[in-house]
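Structure below is structure21.pdb: PDB, C-alpha atoms.
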ATOM      1  CA  MET K  21     186.877 103.372  70.258
ATOM      2  CA  ASP K  22     185.851 105.617  67.378
ATOM      3  CA  PHE K  23     186.245 109.182  68.655
ATOM      4  CA  LYS K  24     184.612 110.779  65.596
ATOM      5  CA  LYS K  25     181.203 110.498  67.241
ATOM      6  CA  TRP K  26     182.581 112.218  70.355
ATOM      7  CA  GLU K  27     184.761 114.821  68.660
ATOM      8  CA  VAL K  28     182.542 117.781  69.628
ATOM      9  CA  SER K  29     182.447 116.695  73.274
ATOM     10  CA  ILE K  30     186.177 116.030  73.294
ATOM     11  CA  GLN K  31     186.879 119.492  71.897
ATOM     12  CA  LYS K  32     184.599 121.086  74.517
ATOM     13  CA  MET K  33     186.441 119.182  77.246
ATOM     14  CA  ILE K  34     189.773 120.391  75.890
ATOM     15  CA  ASP K  35     188.560 123.981  75.610
ATOM     16  CA  GLU K  36     187.204 123.999  79.169
ATOM     17  CA  SER K  37     190.398 122.399  80.475
ATOM     18  CA  ASN K  38     192.520 124.984  78.694
ATOM     19  CA  LEU K  39     190.652 127.749  80.520
ATOM     20  CA  GLU K  40     192.032 126.376  83.785
ATOM     21  CA  THR K  41     195.566 127.462  84.580
ATOM     22  CA  LYS K  42     196.386 124.812  87.170
ATOM     23  CA  GLU K  43     196.211 121.030  87.144
ATOM     24  CA  PRO K  44     193.554 120.739  89.907
ATOM     25  CA  GLY K  45     191.207 122.871  87.803
ATOM     26  CA  LYS K  46     191.821 120.721  84.750
ATOM     27  CA  ASN K  47     191.092 117.591  86.783
ATOM     28  CA  ARG K  48     187.884 119.157  88.114
ATOM     29  CA  VAL K  49     186.707 119.849  84.561
ATOM     30  CA  LEU K  50     187.349 116.244  83.552
ATOM     31  CA  MET K  51     185.560 114.921  86.646
ATOM     32  CA  GLU K  52     182.527 117.085  85.821
ATOM     33  CA  TRP K  53     182.527 115.769  82.265
ATOM     34  CA  ARG K  54     182.803 112.190  83.525
ATOM     35  CA  ALA K  55     179.673 112.744  85.608
ATOM     36  CA  MET K  56     177.808 114.250  82.641
ATOM     37  CA  LEU K  57     178.765 111.381  80.337
ATOM     38  CA  THR K  58     177.307 108.795  82.724
ATOM     39  CA  LYS K  59     173.866 110.421  82.518
ATOM     40  CA  THR K  60     171.181 110.417  79.870
ATOM     41  CA  PRO K  61     171.354 110.734  76.893
ATOM     42  CA  HIS K  62     174.914 109.392  76.829
ATOM     43  CA  LEU K  63     174.693 106.383  79.140
ATOM     44  CA  LEU K  64     178.259 105.406  78.384
ATOM     45  CA  GLN K  65     179.923 102.505  80.104
ATOM     46  CA  PRO K  66     182.731 103.413  82.535
ATOM     47  CA  PHE K  67     185.398 101.982  80.220
ATOM     48  CA  GLN K  68     184.088 104.157  77.356
ATOM     49  CA  ILE K  69     184.270 107.283  79.509
ATOM     50  CA  ASP K  70     187.809 106.307  80.516
ATOM     51  CA  GLU K  71     188.792 106.048  76.849
ATOM     52  CA  ILE K  72     187.347 109.482  76.068
ATOM     53  CA  VAL K  73     189.076 111.083  79.059
ATOM     54  CA  ARG K  74     192.376 109.407  78.125
ATOM     55  CA  GLU K  75     192.029 110.843  74.614
ATOM     56  CA  VAL K  76     191.373 114.315  76.041
ATOM     57  CA  ARG K  77     194.431 114.049  78.317
ATOM     58  CA  ARG K  78     196.542 112.863  75.386
ATOM     59  CA  ARG K  79     195.447 115.828  73.283
ATOM     60  CA  LEU K  80     195.976 118.236  76.177
ATOM     61  CA  THR K  81     199.582 117.120  76.529
ATOM     62  CA  THR K  82     200.283 117.525  72.807
ATOM     63  CA  ALA K  83     197.979 120.457  71.927
ATOM     64  CA  PRO K  84     199.462 123.295  74.062
ATOM     65  CA  GLN K  85     202.716 123.195  72.118
ATOM     66  CA  HIS K  86     200.854 123.425  68.819
ATOM     67  CA  SER K  87     198.369 126.095  69.866
ATOM     68  CA  SER K  88     200.996 128.272  71.536
ATOM     69  CA  SER K  89     203.121 128.247  68.401
ATOM     70  CA  SER K  90     200.152 129.249  66.253
ATOM     71  CA  ASN K  91     199.254 131.996  68.732
ATOM     72  CA  SER K  92     202.807 133.297  68.748
ATOM     73  CA  GLN K  93     202.829 133.494  64.956
ATOM     74  CA  ALA K  94     199.675 135.610  64.735
ATOM     75  CA  PRO K  95     201.026 138.614  66.694
ATOM     76  CA  SER K  96     204.325 138.572  64.812
ATOM     77  CA  ALA K  97     202.444 138.711  61.508
ATOM     78  CA  ALA K  98     200.420 141.649  62.797
ATOM     79  CA  GLU K  99     203.563 143.361  64.053
ATOM     80  CA  SER K 100     205.311 142.923  60.718
ATOM     81  CA  SER K 101     202.359 144.456  58.845
ATOM     82  CA  THR K 102     202.336 147.357  61.300
ATOM     83  CA  VAL K 103     206.038 147.973  60.747
ATOM     84  CA  MET K 104     205.598 147.900  56.969
ATOM     85  CA  ALA K 105     202.744 150.431  57.063
TER      86      ALA K 105
END
Would you put the structure from the file into structure tokens?
Amino acid sequence: MDFKKWEVSIQKMIDESNLETKEPGKNRVLMEWRAMLTKTPHLLQPFQIDEIVREVRRRLTTAPQHSSSSNSQAPSAAESSTVMA
């Protein structure tokens, strides 16, 4: 499946899932998105929704490591500029 068409929706799903701190909350977000994707104007087939959700889960398992490292770098850069000033 070509996810380029769904990239905005996938990113929204990831963002909403990241707001949840526990796994049940993340699952709830994905279930809500599944329900939305079955309705108009999407009218996706169940297997297409499954593919999108699998892609979101895949990105969620790989993204936290990347985003946490970029977040940890930002404060250290700010701290170093504060120390230099």
For the atom pair atom CA of Lys46 of chain K and atom CA of Asp22 of chain K, what is the interatomic distance in Å to one decimal place? 23.8 Å
Identify all residues satisfying the PyMOL selection byres ((chain K and resi 69) around 12) in the given file; provide them as number ranges by chain. K: 21, 23, 26, 29-30, 50-59, 62-68, 70-76
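The coordinates place atom CA of Glu36 of chain K at 19.1 Å from atom CA of Lys24 of chain K.
Atom CA of Leu39 of chain K is positioned 26.0 Å from atom CA of Pro61 of chain K.
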Could you give me the axis-aligned bounding box of segment 67-76 of chain K, with 6 Å of padding per side, as centre plus edge lengths in Å to one decimal, as AutoDock Vina command-line options?
--center_x 188.2 --center_y 108.1 --center_z 77.6 --size_x 20.3 --size_y 24.3 --size_z 17.9
